[in-house]
file my_file-v6.pdb (PDB, C-alpha atoms)
ATOM      1  CA  MET G   1     195.985 251.972  78.033
ATOM      2  CA  HIS G   2     194.220 249.167  79.909
ATOM      3  CA  LEU G   3     196.337 246.034  80.241
ATOM      4  CA  ILE G   4     195.145 242.496  80.736
ATOM      5  CA  SER G   5     196.137 240.725  83.956
ATOM      6  CA  ASN G   6     199.858 240.610  84.766
ATOM      7  CA  SER G   7     199.948 236.812  84.818
ATOM      8  CA  ARG G   8     199.614 236.823  81.025
ATOM      9  CA  ASN G   9     201.848 239.823  80.283
ATOM     10  CA  ASN G  10     205.007 237.841  79.601
ATOM     11  CA  PRO G  11     204.228 235.627  76.597
ATOM     12  CA  ARG G  12     206.927 234.280  74.281
ATOM     13  CA  PHE G  13     205.036 234.627  71.008
ATOM     14  CA  ASP G  14     208.091 235.488  68.899
ATOM     15  CA  LYS G  15     209.619 232.115  69.814
ATOM     16  CA  TYR G  16     206.770 230.278  68.025
ATOM     17  CA  LEU G  17     205.188 232.710  65.559
ATOM     18  CA  ARG G  18     205.990 235.335  62.956
ATOM     19  CA  TYR G  19     203.566 237.955  61.658
ATOM     20  CA  CYS G  20     202.723 238.286  57.953
ATOM     21  CA  PRO G  21     201.853 241.972  57.309
ATOM     22  CA  GLU G  22     200.179 241.290  53.946
ATOM     23  CA  THR G  23     197.562 238.955  55.419
ATOM     24  CA  GLY G  24     197.620 239.583  59.166
ATOM     25  CA  ASN G  25     198.216 235.847  59.660
ATOM     26  CA  LEU G  26     200.554 234.379  62.230
ATOM     27  CA  ILE G  27     202.870 231.703  60.826
ATOM     28  CA  ARG G  28     204.375 228.968  62.984
ATOM     29  CA  THR G  29     208.193 229.168  63.202
ATOM     30  CA  LYS G  30     208.572 225.713  64.771
ATOM     31  CA  THR G  31     206.676 222.448  64.926
ATOM     32  CA  THR G  32     205.106 221.957  68.355
ATOM     33  CA  SER G  33     202.768 219.044  67.564
ATOM     34  CA  PRO G  34     201.621 216.975  64.563
ATOM     35  CA  LYS G  35     198.781 219.500  64.062
ATOM     36  CA  ALA G  36     200.965 222.587  64.629
ATOM     37  CA  ARG G  37     203.763 222.399  62.075
ATOM     38  CA  MET G  38     206.406 224.930  61.135
ATOM     39  CA  GLY G  39     205.271 227.098  58.202
ATOM     40  CA  ASP G  40     201.542 226.573  58.859
ATOM     41  CA  VAL G  41     199.158 229.443  59.418
ATOM     42  CA  ALA G  42     198.487 229.250  63.151
ATOM     43  CA  GLY G  43     195.111 229.028  64.811
ATOM     44  CA  TYR G  44     191.538 227.888  64.505
ATOM     45  CA  VAL G  45     188.234 229.753  64.501
ATOM     46  CA  CYS G  46     186.261 229.261  67.731
ATOM     47  CA  SER G  47     182.497 229.291  68.143
ATOM     48  CA  ASP G  48     182.653 233.014  69.043
ATOM     49  CA  GLY G  49     184.168 233.709  65.605
ATOM     50  CA  TYR G  50     187.631 234.716  66.845
ATOM     51  CA  LEU G  51     190.839 233.072  65.665
ATOM     52  CA  ARG G  52     192.593 231.385  68.616
ATOM     53  CA  ILE G  53     196.159 230.163  68.896
ATOM     54  CA  SER G  54     197.710 228.015  71.604
ATOM     55  CA  VAL G  55     201.151 229.131  72.803
ATOM     56  CA  GLU G  56     202.875 227.292  75.650
ATOM     57  CA  SER G  57     199.589 225.649  76.728
ATOM     58  CA  THR G  58     197.687 228.955  76.858
ATOM     59  CA  LYS G  59     195.000 229.863  74.318
ATOM     60  CA  TRP G  60     195.159 233.403  72.943
ATOM     61  CA  LYS G  61     193.090 235.354  70.458
ATOM     62  CA  ALA G  62     195.189 236.018  67.358
ATOM     63  CA  HIS G  63     194.598 239.776  67.507
ATOM     64  CA  GLN G  64     196.084 239.841  71.039
ATOM     65  CA  ILE G  65     199.264 238.209  69.750
ATOM     66  CA  VAL G  66     199.523 240.560  66.756
ATOM     67  CA  PHE G  67     199.043 243.573  69.020
ATOM     68  CA  TRP G  68     201.683 242.281  71.461
ATOM     69  CA  LEU G  69     204.213 241.669  68.693
ATOM     70  CA  HIS G  70     203.847 245.280  67.510
ATOM     71  CA  HIS G  71     203.300 247.200  70.743
ATOM     72  CA  GLY G  72     204.714 245.013  73.527
ATOM     73  CA  TYR G  73     201.513 244.885  75.561
ATOM     74  CA  ILE G  74     197.988 243.509  75.314
ATOM     75  CA  PRO G  75     195.179 245.933  76.148
ATOM     76  CA  LYS G  76     191.925 244.804  77.789
ATOM     77  CA  ILE G  77     190.009 245.679  74.629
ATOM     78  CA  ILE G  78     191.325 245.548  71.074
ATOM     79  CA  ASP G  79     188.975 246.948  68.452
ATOM     80  CA  HIS G  80     188.883 245.682  64.869
ATOM     81  CA  VAL G  81     188.412 248.958  62.991
ATOM     82  CA  ASP G  82     186.569 247.357  60.053
ATOM     83  CA  ARG G  83     184.560 245.121  62.454
ATOM     84  CA  ASN G  84     185.894 241.957  60.748
ATOM     85  CA  ILE G  85     187.190 239.929  63.708
ATOM     86  CA  LEU G  86     189.297 237.731  61.427
ATOM     87  CA  ASN G  87     191.162 240.711  59.917
ATOM     88  CA  ASN G  88     194.171 240.812  62.228
ATOM     89  CA  ARG G  89     196.384 243.149  60.222
ATOM     90  CA  ILE G  90     197.990 245.554  62.685
ATOM     91  CA  GLU G  91     196.539 248.628  60.967
ATOM     92  CA  ASN G  92     193.071 247.195  61.668
ATOM     93  CA  LEU G  93     193.676 246.833  65.419
ATOM     94  CA  ARG G  94     193.530 249.564  68.060
ATOM     95  CA  ASP G  95     193.585 249.828  71.854
ATOM     96  CA  VAL G  96     190.216 251.230  72.953
ATOM     97  CA  SER G  97     188.118 251.804  76.026
ATOM     98  CA  SER G  98     184.826 249.984  76.494
ATOM     99  CA  LYS G  99     182.926 253.135  75.441
ATOM    100  CA  GLN G 100     185.021 253.565  72.306
ATOM    101  CA  ASN G 101     184.474 249.929  71.401
ATOM    102  CA  SER G 102     180.702 250.267  71.766
ATOM    103  CA  MET G 103     180.757 253.293  69.434
ATOM    104  CA  ASN G 104     182.030 250.984  66.686
ATOM    105  CA  SER G 105     179.245 248.432  67.204
ATOM    106  CA  GLY G 106     176.463 247.997  64.684
ATOM    107  CA  ALA G 107     172.704 247.948  65.059
ATOM    108  CA  HIS G 108     171.411 245.541  67.692
ATOM    109  CA  ALA G 109     170.439 242.170  66.278
ATOM    110  CA  ASP G 110     167.032 242.401  67.971
ATOM    111  CA  GLY G 111     166.308 245.849  66.525
ATOM    112  CA  GLU G 112     163.202 245.942  64.361
ATOM    113  CA  VAL G 113     164.505 248.762  62.140
ATOM    114  CA  GLY G 114     168.005 247.489  61.318
ATOM    115  CA  TYR G 115     169.851 250.811  61.587
ATOM    116  CA  LYS G 116     172.021 251.880  64.496
ATOM    117  CA  GLY G 117     170.542 254.816  66.398
ATOM    118  CA  VAL G 118     167.083 254.405  64.834
ATOM    119  CA  SER G 119     163.906 253.117  66.446
ATOM    120  CA  LYS G 120     160.238 253.067  65.507
ATOM    121  CA  SER G 121     158.036 255.489  67.428
ATOM    122  CA  ARG G 122     154.313 256.028  66.789
ATOM    123  CA  GLY G 123     154.519 255.160  63.098
ATOM    124  CA  LYS G 124     157.617 257.294  62.495
ATOM    125  CA  PHE G 125     161.337 256.758  62.974
ATOM    126  CA  ARG G 126     163.308 258.373  65.785
ATOM    127  CA  ALA G 127     167.062 258.976  65.536
ATOM    128  CA  ARG G 128     169.188 259.215  68.682
ATOM    129  CA  ILE G 129     172.858 259.043  69.567
ATOM    130  CA  THR G 130     174.616 258.666  72.907
ATOM    131  CA  VAL G 131     177.577 260.964  73.466
ATOM    132  CA  LYS G 132     179.450 260.984  76.793
ATOM    133  CA  ASP G 133     176.573 259.250  78.617
ATOM    134  CA  SER G 134     173.996 261.742  77.274
ATOM    135  CA  VAL G 135     171.327 260.767  74.760
ATOM    136  CA  ILE G 136     170.867 263.358  72.014
ATOM    137  CA  HIS G 137     167.519 263.292  70.194
ATOM    138  CA  LEU G 138     168.219 263.958  66.507
ATOM    139  CA  GLY G 139     164.632 264.123  65.314
ATOM    140  CA  THR G 140     161.675 262.117  64.118
ATOM    141  CA  PHE G 141     161.509 261.165  60.446
ATOM    142  CA  ASN G 142     159.053 259.645  57.993
ATOM    143  CA  THR G 143     161.464 256.908  56.886
ATOM    144  CA  ALA G 144     164.071 254.765  58.598
ATOM    145  CA  GLU G 145     166.592 255.814  55.939
ATOM    146  CA  GLU G 146     166.192 259.526  56.771
ATOM    147  CA  ALA G 147     166.656 258.750  60.459
ATOM    148  CA  ALA G 148     169.724 256.624  59.661
ATOM    149  CA  MET G 149     171.240 259.499  57.668
ATOM    150  CA  ALA G 150     170.664 261.843  60.629
ATOM    151  CA  TYR G 151     172.390 259.316  62.907
ATOM    152  CA  ASN G 152     175.328 258.975  60.472
ATOM    153  CA  ASN G 153     175.848 262.749  60.364
ATOM    154  CA  ALA G 154     175.790 263.000  64.159
ATOM    155  CA  ALA G 155     178.077 259.957  64.528
ATOM    156  CA  LYS G 156     180.695 261.504  62.228
ATOM    157  CA  LYS G 157     180.533 264.755  64.213
ATOM    158  CA  HIS G 158     180.527 263.311  67.743
ATOM    159  CA  LEU G 159     182.258 259.920  67.512
ATOM    160  CA  GLY G 160     184.868 260.597  64.829
ATOM    161  CA  GLU G 161     187.074 257.638  63.978
ATOM    162  CA  PHE G 162     185.030 255.331  66.229
ATOM    163  CA  ALA G 163     181.742 255.981  64.455
ATOM    164  CA  PHE G 164     179.918 253.025  62.971
ATOM    165  CA  LEU G 165     177.963 254.391  60.019
ATOM    166  CA  ASN G 166     174.743 252.814  58.833
ATOM    167  CA  LYS G 167     174.836 251.430  55.316
ATOM    168  CA  ILE G 168     171.669 252.934  53.932
ATOM    169  CA  ILE G 169     169.631 251.085  51.305
ATOM    170  CA  ILE G 170     167.227 253.209  49.257
ATOM    171  CA  ASN G 171     164.996 251.505  46.684
ATOM    172  CA  GLY G 172     167.178 248.403  46.844
ATOM    173  CA  VAL G 173     170.400 250.349  46.145
ATOM    174  CA  SER G 174     173.153 250.778  48.727
ATOM    175  CA  ASP G 175     174.668 254.182  49.386
ATOM    176  CA  GLY G 176     177.998 252.420  48.811
ATOM    177  CA  LYS G 177     179.547 253.741  52.021
ATOM    178  CA  PRO G 178     181.510 251.440  54.299
ATOM    179  CA  ASN G 179     180.128 250.722  57.760
ATOM    180  CA  TYR G 180     183.128 252.211  59.551
ATOM    181  CA  SER G 181     184.310 255.784  59.513
ATOM    182  CA  SER G 182     188.042 255.262  59.000
ATOM    183  CA  SER G 183     189.374 253.337  56.046
ATOM    184  CA  ILE G 184     192.002 250.629  55.981
ATOM    185  CA  THR G 185     194.459 250.560  53.133
ATOM    186  CA  THR G 186     195.446 247.143  51.887
TER
END
call {"tool": "encode", "arguments": {"input": "my_file-v6.pdb", "output": "structure tokens"}}
result
Amino acid sequence: MHLISNSRNNPRFDKYLRYCPETGNLIRTKTTSPKARMGDVAGYVCSDGYLRISVESTKWKAHQIVFWLHHGYIPKIIDHVDRNILNNRIENLRDVSSKQNSMNSGAHADGEVGYKGVSKSRGKFRARITVKDSVIHLGTFNTAEEAAMAYNNAAKKHLGEFAFLNKIIINGVSDGKPNYSSSITT
């Protein structure tokens, strides 16, 4: 468990907000300004895509507040299991290390192939995975999809619940698998 700085470890969220388990929203329990009225869904989406809420003149990310309300602490890193940063239902949030959080990241936006763990190499496609600071070469394949499948199999084996699985498209048809290894029930 990695906590955020002690100066922010004593918030009074329950004085101003209540959690809605069906939606993951935080609902205001009192009016604090003309724009923050009792009964309203709290927060606004910032330019980084996260939902932020102001409590006692301090801005918080909504997932930090939800985590605090359920666990009594705020970790340094909270992972959204399904990778949707606006899904703040408690079952979608988990306390993770930096390494665990990076396991659940997708393909890099600048990647030419579009699959995590796959790169182009001499006209073929190379699959690799990093496990405990070691890069494991999974093979070289004729297609990016074959390499992505090799990565997915290795990710399930080595990364478990933190594995981000490639959604593989073959002939314009998706494999139908979600991009995260654990499922969230709604």
call {"tool": "residues_near_point", "arguments": {"input": "my_file-v6.pdb", "point": "(187.3, 249.2, 66.7)", "cutoff": "7 Å", "atoms": "all atoms listed in the file", "output": "count of residues only"}}
result
11
call {"tool": "residues_near_point", "arguments": {"input": "my_file-v6.pdb", "point": "(206.8, 228.2, 68.2)", "cutoff": "12 Å", "atoms": "all atoms listed in the file", "output": "MDAnalysis selection string"}}
result
chainID G and resid 11:18 26:33 36:42 53:57
call {"tool": "closest_residue", "arguments": {"input": "my_file-v6.pdb", "among": "G:Gly123, G:Leu51, G:Leu138, G:Thr23", "to": "Asn92 of chain G", "atoms": "only C-alpha atoms"}}
result
G:Thr23
call {"tool": "axis_aligned_box", "arguments": {"input": "my_file-v6.pdb", "around": "segment 98-102 of chain G", "padding_each_side": "6 Å", "output": "lines of an AutoDock Vina configuration file"}}
result
center_x = 182.9
center_y = 251.7
center_z = 73.9
size_x = 16.3
size_y = 15.6
size_z = 17.1
call {"tool": "closest_residue", "arguments": {"input": "my_file-v6.pdb", "among": "G:His71, G:Lys76, G:Lys132, G:His63", "to": "Lys99 of chain G", "atoms": "all atoms listed in the file"}}
result
G:Lys132
call {"tool": "atom_distance", "arguments": {"input": "my_file-v6.pdb", "atom1": "atom CA of Val135 of chain G", "atom2": "atom CA of Val96 of chain G"}}
result
21.2 Å
call {"tool": "resolve_selection", "arguments": {"input": "my_file-v6.pdb", "expression": "the PyMOL selection byres ((chain G and resi 67) around 10)", "output": "JSON list (two decimals) with C-alpha atoms, in the frame of the given file"}}
result
[["chain", "number", "residue", "atom", "x", "y", "z"],
["G", 62, "ALA", "CA", 195.19, 236.02, 67.36],
["G", 63, "HIS", "CA", 194.60, 239.78, 67.51],
["G", 64, "GLN", "CA", 196.08, 239.84, 71.04],
["G", 65, "ILE", "CA", 199.26, 238.21, 69.75],
["G", 66, "VAL", "CA", 199.52, 240.56, 66.76],
["G", 68, "TRP", "CA", 201.68, 242.28, 71.46],
["G", 69, "LEU", "CA", 204.21, 241.67, 68.69],
["G", 70, "HIS", "CA", 203.85, 245.28, 67.51],
["G", 71, "HIS", "CA", 203.30, 247.20, 70.74],
["G", 72, "GLY", "CA", 204.71, 245.01, 73.53],
["G", 73, "TYR", "CA", 201.51, 244.88, 75.56],
["G", 74, "ILE", "CA", 197.99, 243.51, 75.31],
["G", 75, "PRO", "CA", 195.18, 245.93, 76.15],
["G", 78, "ILE", "CA", 191.32, 245.55, 71.07],
["G", 88, "ASN", "CA", 194.17, 240.81, 62.23],
["G", 89, "ARG", "CA", 196.38, 243.15, 60.22],
["G", 90, "ILE", "CA", 197.99, 245.55, 62.68],
["G", 91, "GLU", "CA", 196.54, 248.63, 60.97],
["G", 93, "LEU", "CA", 193.68, 246.83, 65.42],
["G", 94, "ARG", "CA", 193.53, 249.56, 68.06],
["G", 95, "ASP", "CA", 193.58, 249.83, 71.85]]
call {"tool": "closest_residue", "arguments": {"input": "my_file-v6.pdb", "among": "G:Ser134, G:Thr140, G:Asn166, G:Thr58", "to": "Tyr115 of chain G", "atoms": "only C-alpha atoms"}}
result
G:Asn166
call {"tool": "atom_distance", "arguments": {"input": "my_file-v6.pdb", "atom1": "atom CA of His137 of chain G", "atom2": "atom CA of His158 of chain G"}}
result
13.2 Å
